[in-house]
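A.B. asks: Structure below; questions to follow.
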Amino acid sequence: MSQETPAVQMTDIVQKFGSFTALDHVSLAVQKGGIHALVGENGAGKTTLMKVLYGALKQTSGHVELSGRPIQFRNQAEAIQNGIGMVSQHYAIIPELTCLQNLMLGAEPGWAIPVKKAEERAYDLASKMGFSFDWNSPAAGLSPAGAQKLEILKLLWRKASIMILDEPTAMLSPSDSDALYDSLKSLAEGGATIIVVTHRLPEVMESCQNVTVLRGGKLIDSRPVSDVTTAELANLIVGRSLEIPTKEGFLGSNPWLQVKGLTVKGDRGNEAVRNASFTLCKGEVVGIAGVDGNGQRELFQALSGNRKPQGGQIVLAGKDVTKEGQAQRIQAGVRQIPEDRHAEGVIEEWSLAENASLGLQRHPTLRKGSFIDRKARLDFASKIAERFRTKHSGFQKPMKSLSGGNQQRFVAARALAIDPKLVLAFQPTRGLDIDGTQQVYNALRATARSGGAALVVSFDLDELLEHCDRVMVICHGVLSEVPENQTRDRAAIGRLMVGAEL
Amino acid sequence: MLSLFVLSLTLSVPLILAALGGLTSERSGVINIGLEGKMLVAACITGLVGMASGNAFVGFLCGSGAAVAMSLLHYLVTQAFRVDHIISGMGLNALAVGLTSVLHKRLTNPDFTDRIPGFPVQVYWVIAGAAVVGIAWYLNRTKGGLRLSAVGNDPDKARQMGVQPTLVRFYALVATGLFCGLAGSLIVTNAGSFTENMTAGKGYIALAALILGGWRPLPALLACILFGFFEALQIQLQGQAILGVDLPSWVWQSLPYFVTIVALAGFLGKNQAPAGLGRP
């Protein structure tokens with residue numbers, strides 16, 4: 001195949017949903033054997049464009065060619081038969097099935113499954129990629145990184161040569177992200193064509209050969225990564241110069257949240273958090289860096305009152321809240337931006353207005369005696385939708401009508417709305433673009449400064465270093481402060497995160 | 001003692017067959033409290049056709065066909081019209097009671113005094129035993145079984161992987177109809193004649209056994225045998241005085257149902273239901 005014929009050529013794609021134009025004459029050419037980044041803000045049309053390519057959506061007009069051959073897939077099954085596979089942001093892994101069953105599902109090797117043979121092929125594929133799996137254990141036990149790896153193997157199992165990955169590093173730690181890109185690079189060298197939809201510019205600059213920028217459903221630019229700087233790319237994405245705030249150094253002195261000797265058990269009876277002691281001063285935004293699954297979840301659950309600690313003490317604003325339940329803590333001003341917004345943040349079938357008061361329903365401003373104050377709730381919903389510019393089509397519409405990024409904006413704004421004294425933010429910018437991330441952290445900082453504190457968990461160390469006043473590290477349930485002289489040292493913190501010596 | 005054992009097995013076979021029907025349906029995500037109605041219709045039609053034709057096989061075929069038709073109605077209502085699974089199951093049961101009552105009154109030949117022709121009970125024993133093993137194998141070792149579990153746990157993700165949940169459920173409900181047909185024809189030919197509402201809650205007991213067995217074929221089989229044992233026990237204990245007290249027969253008759261409630265109360269929540277149960 002000559003270099004001139006791209007592996008994927010999409011020409012003049014238009015995608016309309018009713019009167020809304022999601023894609024406006026967008027073209028994309030992807031060369032074989034490389035990693036091509038597709039970047040843009042929420043709602044720029046990245047995922048829509050990929051869905052057209054993958055056969056999940058039928059474009060209004062425009063055409064698609066694979067290696068010069070025009071194609072029009074009617075569904076995803078046809079796409080996969082033609083070698084195109086996609087890993088979406090929400091993994092299509094069924095936790096109740098085993099890893100092997102998940103791997104095969106939809107592409108089983110025959111009516112009766114030759115288990116031995118299937119296992120052999122699974123081992124082969126995994127070892128070629130340098131992965132290892134316990135193929136017969138349930139997929140429920142997989143970490144996010146493990147699930148991501150399984151998704152990639154699922155594409156290889158189906159012999160996909162063109163792979164689309166939507167936000168592949170959203171749930172991964174820095175080292176897992178690096179490992180992922182290493183695998184992608186080796187796949188690309190082996191002749192695969194990889195398209196990565198992402199928000200994270202450092203990974204574009206480091207690992208991708210070409211980048212295409214979309215904004216508002218239009219093609220803005222497409223060029224080799226070597227021809228562009230991070231700052232230029234950021235400007236192309238946002239469409240205006242992004243102000244990088246010079247962060248004022250903040251040193252708190254007034255202890256606000258004091259945690260002493262906190263020990264929390266995990267679901268499997270293990271000590272998920274061991275003897276954690278730390279202090280948050282009034283006004284501080286503190287990040288907790290760490291690889292996923294090192295006790296962040298249990299720590300937050302203990303702080304929010306959703307999990308009973310085995311020992312230790314939690315003092316908020318001078319008051320011991322260790323024995324208090326969730327409702328009392330909410331009343332005391334503890335707010336959450338939860339990790340899994342589908343499970344813990346919103347009720348998707350409920351309207352935006354109903355979701356606005358979720359968790360805050362007992363707050364005096366949102367009720368009339370024992371009843372709901374519908375008017376106040378509606379005003380409140382409009383206020384929090386305004387804050388991070390949540391795009392929606394009415395407050396009575398169900399939450400599920402919003403895109404993931406917009407749901408996240410809504411949930412984040414809700415947590416910061418009424419008298420927050422302690423904000424527990426778990427991956428608060430999951431699914432948000434640069435602009436949204438900036439807004440959320442600015443708001444977190446403003447909230448903390450005006451008489452509270454915020455604790456942020458993120459698996460993206462760069463994000464924490466950029467936005468937090470200081471960073472702590474959690475590894476195997478042990479929480480540690482970063483030594484004074486290394487507070488901005490990415491490599492040193494990275495070593496702490498994996499439990500290595502400094 | 002031996003007779004109690006044999007009676008237990010005999011009484012548990014219709015439960016096993018119905019429970020397997022429930023299994024294929026529920027593992028695909030369709031809650032099935034309509035087992036009772038499907039069995040009842042199968043029993044009635046097997047009886048009527050068997051009576052008219054004098055042929056056991058023709059009777060069985062028509063009875064099972066009727067149960068499959070009921071199951072397809074269930075499919076239509078839950079999958080095409082997206083009616084709540086519990087409500088549609090109840091509706092199906094109510095329909096079955098009314099329908100079989102009318103058919104029985106109108107079409108029963110009053111001059112027919114023979115037993116309804118049927119296969120020997122041993123045939124059903126073999127079928128039930130083989131089906132349990134077969135379904136256990138099917139679930140773990142075949143493409144269809146894998147897809148069935150996938151759809152029952154998460155229809156959306158299964159769809160993403162190129163599986164068509166509605167097609168899987170179609171086959172699953174056809175299988176449910178066949179198993180209920182077997183169970184119904186066994187009940188009516190074993191009794192010799194059809195009486196109104198003769199399934200007497202066996203569909204619900206089978207469902208309870210399925211839940212008790214954690215939606216797995218072999219444990220469900222054991223649960224069915226347990227319930228069959230208590231059914232047999234109540235028959236044996238009827239009219240016998242216990243410690244000098246002569247208990248009325250309804251006390252004994254309620255025994256299997258009572259055991260069902262206790263067993264469910266004790267085990268419910270401990271077993272993992274298919275995660276996608278009742279989801280569109």
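Identifiers for the structure tokens are assigned positionally: chains receive A, B, ... in sequence, residues are indexed from 1 per chain, and ligands are indexed from 1 in the order shown.
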Output the contact residues of chain B with respect to chain A at a cut-off of 6 Å, based on only C-alpha atoms, as an mmCIF file with N, CA and C atoms, in the first residue's frame.
C.D. replies:
```
data_model
loop_
_atom_site.group_PDB
_atom_site.id
_atom_site.type_symbol
_atom_site.label_atom_id
_atom_site.label_comp_id
_atom_site.auth_asym_id
_atom_site.auth_seq_id
_atom_site.Cartn_x
_atom_site.Cartn_y
_atom_site.Cartn_z
ATOM 1 N N ARG B 141 -20.247 -23.665 27.689
ATOM 2 C CA ARG B 141 -19.356 -24.129 26.645
ATOM 3 C C ARG B 141 -19.771 -23.763 25.222
ATOM 4 N N THR B 142 -20.843 -23.018 25.083
ATOM 5 C CA THR B 142 -21.252 -22.708 23.708
ATOM 6 C C THR B 142 -21.400 -21.205 23.504
ATOM 7 N N LYS B 143 -21.374 -20.863 22.241
ATOM 8 C CA LYS B 143 -21.562 -19.482 21.821
ATOM 9 C C LYS B 143 -22.917 -18.960 22.303
ATOM 10 N N LYS B 157 -24.257 -3.603 26.894
ATOM 11 C CA LYS B 157 -22.878 -3.935 26.550
ATOM 12 C C LYS B 157 -22.840 -5.099 25.562
ATOM 13 N N MET B 161 -21.210 -5.353 21.708
ATOM 14 C CA MET B 161 -20.315 -6.387 21.207
ATOM 15 C C MET B 161 -20.922 -7.148 20.026
ATOM 16 N N GLY B 162 -21.996 -6.628 19.486
ATOM 17 C CA GLY B 162 -22.545 -7.213 18.277
ATOM 18 C C GLY B 162 -23.550 -8.332 18.521
ATOM 19 N N VAL B 163 -23.997 -8.477 19.769
ATOM 20 C CA VAL B 163 -25.011 -9.486 20.071
ATOM 21 C C VAL B 163 -26.380 -8.790 20.019
#
```
A.B. asks: Counting only C-alpha atoms, what is within 12 Å of stretch 191-194 of chain A, bar same-chain residues fewer than 4 positions away, as an NGL selection string?
C.D. replies: :A and (1 or 6-8 or 29-38 or 50 or 66-67 or 83-87 or 152 or 155-156 or 159-166 or 168 or 181 or 183-187 or 207-211)
A.B. asks: Contacts of stretch 177-187 of chain B at 7 Å or less, counting only C-alpha atoms, minus same-chain residues fewer than 2 places along, as a compact mmCIF listing (two decimals) with all heavy atoms, in the first residue's frame?
C.D. replies:
```txt
# COMPACT_ATOMS: atom_id res chain seq x y z
N PRO B 14 -41.82 -32.33 37.25
CA PRO B 14 -42.43 -31.14 36.62
C PRO B 14 -41.80 -29.83 37.11
O PRO B 14 -41.65 -28.88 36.34
CB PRO B 14 -43.90 -31.21 37.03
CG PRO B 14 -44.04 -32.31 38.00
CD PRO B 14 -42.82 -33.16 37.93
N LEU B 17 -38.51 -29.36 35.19
CA LEU B 17 -38.74 -28.91 33.81
C LEU B 17 -39.15 -27.44 33.78
O LEU B 17 -38.62 -26.65 32.99
CB LEU B 17 -39.81 -29.78 33.14
CG LEU B 17 -39.38 -31.22 32.87
CD1 LEU B 17 -40.57 -32.09 32.50
CD2 LEU B 17 -38.33 -31.26 31.75
N ALA B 18 -40.06 -27.06 34.68
CA ALA B 18 -40.50 -25.67 34.71
C ALA B 18 -39.36 -24.75 35.12
O ALA B 18 -39.19 -23.65 34.59
CB ALA B 18 -41.68 -25.51 35.66
N LEU B 20 -36.23 -25.18 34.56
CA LEU B 20 -35.32 -25.00 33.42
C LEU B 20 -35.90 -23.98 32.43
O LEU B 20 -35.17 -23.17 31.85
CB LEU B 20 -35.08 -26.34 32.71
CG LEU B 20 -34.20 -27.32 33.48
CD1 LEU B 20 -34.14 -28.64 32.75
CD2 LEU B 20 -32.80 -26.74 33.67
N GLY B 21 -37.23 -24.03 32.27
CA GLY B 21 -37.89 -23.03 31.43
C GLY B 21 -37.66 -21.64 32.00
O GLY B 21 -37.35 -20.69 31.27
N LEU B 35 -44.48 -18.74 34.25
CA LEU B 35 -44.29 -20.19 34.07
C LEU B 35 -45.58 -20.94 34.35
O LEU B 35 -45.96 -21.87 33.64
CB LEU B 35 -43.20 -20.69 35.02
CG LEU B 35 -41.79 -20.15 34.81
CD1 LEU B 35 -40.88 -20.63 35.93
CD2 LEU B 35 -41.25 -20.59 33.46
N LYS B 38 -48.08 -20.81 31.49
CA LYS B 38 -47.64 -21.58 30.33
C LYS B 38 -47.85 -23.08 30.58
O LYS B 38 -48.27 -23.83 29.70
CB LYS B 38 -46.17 -21.28 30.04
CG LYS B 38 -45.97 -19.85 29.54
CD LYS B 38 -44.53 -19.43 29.49
CE LYS B 38 -44.48 -17.92 29.28
NZ LYS B 38 -43.12 -17.38 29.34
N MET B 39 -47.54 -23.51 31.81
CA MET B 39 -47.74 -24.92 32.15
C MET B 39 -49.21 -25.29 32.11
O MET B 39 -49.60 -26.35 31.62
CB MET B 39 -47.21 -25.20 33.57
CG MET B 39 -45.72 -25.38 33.64
SD MET B 39 -45.14 -25.12 35.32
CE MET B 39 -45.79 -26.57 36.12
N LEU B 40 -50.03 -24.39 32.63
CA LEU B 40 -51.47 -24.67 32.71
C LEU B 40 -52.06 -24.82 31.31
O LEU B 40 -52.83 -25.75 31.04
CB LEU B 40 -52.16 -23.54 33.48
CG LEU B 40 -53.62 -23.76 33.86
CD1 LEU B 40 -53.76 -25.00 34.75
CD2 LEU B 40 -54.18 -22.54 34.59
N ALA B 42 -50.43 -25.61 28.61
CA ALA B 42 -49.90 -26.85 28.03
C ALA B 42 -50.67 -28.06 28.55
O ALA B 42 -51.03 -28.96 27.79
CB ALA B 42 -48.42 -26.98 28.37
N ALA B 43 -50.98 -28.08 29.85
CA ALA B 43 -51.70 -29.20 30.44
C ALA B 43 -53.09 -29.32 29.81
O ALA B 43 -53.53 -30.42 29.42
CB ALA B 43 -51.81 -29.00 31.95
N THR B 46 -52.83 -30.34 26.01
CA THR B 46 -52.40 -31.74 25.93
C THR B 46 -53.59 -32.65 26.23
O THR B 46 -53.83 -33.66 25.54
CB THR B 46 -51.26 -32.02 26.93
OG1 THR B 46 -50.20 -31.12 26.68
CG2 THR B 46 -50.75 -33.45 26.79
N PHE B 60 -49.09 -34.24 23.20
CA PHE B 60 -47.90 -33.57 23.73
C PHE B 60 -47.46 -32.44 22.81
O PHE B 60 -47.15 -31.33 23.25
CB PHE B 60 -46.77 -34.59 23.90
CG PHE B 60 -45.41 -33.97 24.01
CD1 PHE B 60 -45.06 -33.31 25.18
CD2 PHE B 60 -44.53 -34.00 22.96
CE1 PHE B 60 -43.82 -32.70 25.28
CE2 PHE B 60 -43.28 -33.39 23.06
CZ PHE B 60 -42.93 -32.74 24.22
N GLY B 63 -49.86 -29.51 23.02
CA GLY B 63 -49.73 -28.86 24.32
C GLY B 63 -48.48 -28.00 24.39
O GLY B 63 -48.53 -26.84 24.80
N SER B 64 -47.36 -28.57 23.94
CA SER B 64 -46.11 -27.81 23.95
C SER B 64 -46.19 -26.62 23.00
O SER B 64 -45.69 -25.54 23.30
CB SER B 64 -44.94 -28.70 23.57
OG SER B 64 -44.78 -29.70 24.53
N ALA B 67 -47.87 -23.87 24.71
CA ALA B 67 -47.00 -23.22 25.69
C ALA B 67 -45.99 -22.31 24.99
O ALA B 67 -45.71 -21.20 25.45
CB ALA B 67 -46.28 -24.25 26.54
N VAL B 68 -45.48 -22.78 23.85
CA VAL B 68 -44.54 -21.93 23.09
C VAL B 68 -45.27 -20.68 22.59
O VAL B 68 -44.73 -19.57 22.65
CB VAL B 68 -43.93 -22.71 21.90
CG1 VAL B 68 -43.16 -21.78 20.98
CG2 VAL B 68 -43.02 -23.82 22.42
N SER B 71 -45.47 -18.32 25.30
CA SER B 71 -44.15 -17.75 25.53
C SER B 71 -43.83 -16.66 24.49
O SER B 71 -43.23 -15.65 24.81
CB SER B 71 -43.11 -18.86 25.48
OG SER B 71 -42.11 -18.64 26.44
N LEU B 173 -37.00 -17.63 25.06
CA LEU B 173 -38.42 -17.79 25.43
C LEU B 173 -39.06 -18.97 24.69
O LEU B 173 -39.98 -19.59 25.21
CB LEU B 173 -39.18 -16.49 25.20
CG LEU B 173 -38.95 -15.48 26.33
CD1 LEU B 173 -39.54 -14.12 26.01
CD2 LEU B 173 -39.55 -15.99 27.65
N VAL B 174 -38.57 -19.27 23.50
CA VAL B 174 -39.05 -20.48 22.82
C VAL B 174 -38.68 -21.70 23.68
O VAL B 174 -39.50 -22.60 23.92
CB VAL B 174 -38.46 -20.61 21.41
CG1 VAL B 174 -38.73 -22.00 20.84
CG2 VAL B 174 -39.06 -19.55 20.48
N ALA B 175 -37.46 -21.69 24.19
CA ALA B 175 -37.03 -22.80 25.05
C ALA B 175 -37.89 -22.87 26.31
O ALA B 175 -38.29 -23.95 26.74
CB ALA B 175 -35.56 -22.62 25.43
N THR B 189 -51.00 -35.76 32.08
CA THR B 189 -51.05 -37.20 31.76
C THR B 189 -50.83 -38.03 33.02
O THR B 189 -51.37 -39.11 33.15
CB THR B 189 -50.01 -37.59 30.69
OG1 THR B 189 -48.71 -37.14 31.10
CG2 THR B 189 -50.35 -36.99 29.35
N ASN B 190 -50.06 -37.49 33.95
CA ASN B 190 -49.84 -38.17 35.21
C ASN B 190 -51.14 -38.26 36.03
O ASN B 190 -51.44 -39.26 36.65
CB ASN B 190 -48.75 -37.45 36.00
CG ASN B 190 -48.03 -38.38 36.94
OD1 ASN B 190 -47.99 -39.58 36.69
ND2 ASN B 190 -47.49 -37.83 38.00
N ALA B 191 -51.90 -37.14 35.98
CA ALA B 191 -53.15 -37.11 36.74
C ALA B 191 -54.25 -37.89 36.02
O ALA B 191 -55.21 -38.34 36.65
CB ALA B 191 -53.59 -35.66 36.95
```
A.B. asks: Find the residues near stretch 77-94 of chain B: any atom within 10 Å, counting only C-alpha atoms, skip ones fewer than 2 places away on the same chain, and give them as JSON, numbers by chain.
C.D. replies: {"B": [29, 30, 31, 32, 33, 34, 35, 36, 37, 38, 39, 40, 41, 70, 71, 72, 73, 74, 75, 96, 97, 98, 99, 165, 166, 167, 169, 170, 203, 277, 278, 279, 280]}
A.B. asks: Write out as a PyMOL selection string all residues of stretch 69-269 of chain A that DSSP puts in helix (DSSP H, G or I) for this structure's backbone.
C.D. replies: chain A and resi 76-81+99-104+115-129+139-141+144-157+174-189+201-207+225-227+230-238
A.B. asks: Using only C-alpha atoms, which residues sit within 9 Å of stretch 119-121 of chain A once same-chain residues fewer than 5 positions away are excluded, as a list in words?
C.D. replies: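 Listing them by chain and then by number gives Leu100, Pro114, Ala126, Trp135, Asn136 and Trp157 of chain A.
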A.B. asks: Quick one: write out the picked residues with N, CA, C and O atoms as a PDB file, in the first residue's frame?
C.D. replies:
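Writing done, so here's selection.pdb:
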```pdb
ATOM      1  N   LEU A 100     -12.041 -14.308  29.784  1.00  0.00           N
ATOM      2  CA  LEU A 100     -12.039 -15.013  28.500  1.00  0.00           C
ATOM      3  C   LEU A 100     -13.388 -14.870  27.799  1.00  0.00           C
ATOM      4  O   LEU A 100     -13.459 -14.638  26.597  1.00  0.00           O
ATOM      5  N   PRO A 114     -14.300 -24.168  21.642  1.00  0.00           N
ATOM      6  CA  PRO A 114     -13.142 -25.009  21.989  1.00  0.00           C
ATOM      7  C   PRO A 114     -12.320 -24.273  23.048  1.00  0.00           C
ATOM      8  O   PRO A 114     -11.462 -23.459  22.719  1.00  0.00           O
ATOM      9  N   ALA A 126      -2.188 -11.951  24.585  1.00  0.00           N
ATOM     10  CA  ALA A 126      -1.778 -11.176  25.751  1.00  0.00           C
ATOM     11  C   ALA A 126      -0.264 -11.125  25.865  1.00  0.00           C
ATOM     12  O   ALA A 126       0.310 -10.063  26.102  1.00  0.00           O
ATOM     13  N   TRP A 135      -7.379 -15.668  32.862  1.00  0.00           N
ATOM     14  CA  TRP A 135      -8.484 -15.679  31.909  1.00  0.00           C
ATOM     15  C   TRP A 135      -9.779 -16.226  32.451  1.00  0.00           C
ATOM     16  O   TRP A 135     -10.851 -15.896  31.972  1.00  0.00           O
ATOM     17  N   ASN A 136      -9.707 -17.081  33.466  1.00  0.00           N
ATOM     18  CA  ASN A 136     -10.943 -17.692  33.942  1.00  0.00           C
ATOM     19  C   ASN A 136     -11.507 -17.046  35.191  1.00  0.00           C
ATOM     20  O   ASN A 136     -12.453 -17.549  35.789  1.00  0.00           O
ATOM     21  N   TRP A 157      -8.371  -9.753  19.124  1.00  0.00           N
ATOM     22  CA  TRP A 157      -9.084 -11.038  18.976  1.00  0.00           C
ATOM     23  C   TRP A 157      -9.928 -11.013  17.708  1.00  0.00           C
ATOM     24  O   TRP A 157     -10.066 -12.002  17.008  1.00  0.00           O
TER      25      TRP A 157
END
```
A.B. asks: What is the distance, in Å and to one decimal place, between atom CA of A:Leu251 and atom CA of A:Lys319?
C.D. replies: 22.4 Å
A.B. asks: As a list in words, please: the residues near stretch 219-230 of chain B (cut-off 6 Å, only C-alpha atoms, same-chain neighbours under 4 positions excluded).
C.D. replies: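 My reading of the contact set: Ser8, Leu11, Ser12, Leu15, Ile16, Ala209, Leu210, Gly213 and Pro256 of chain B.
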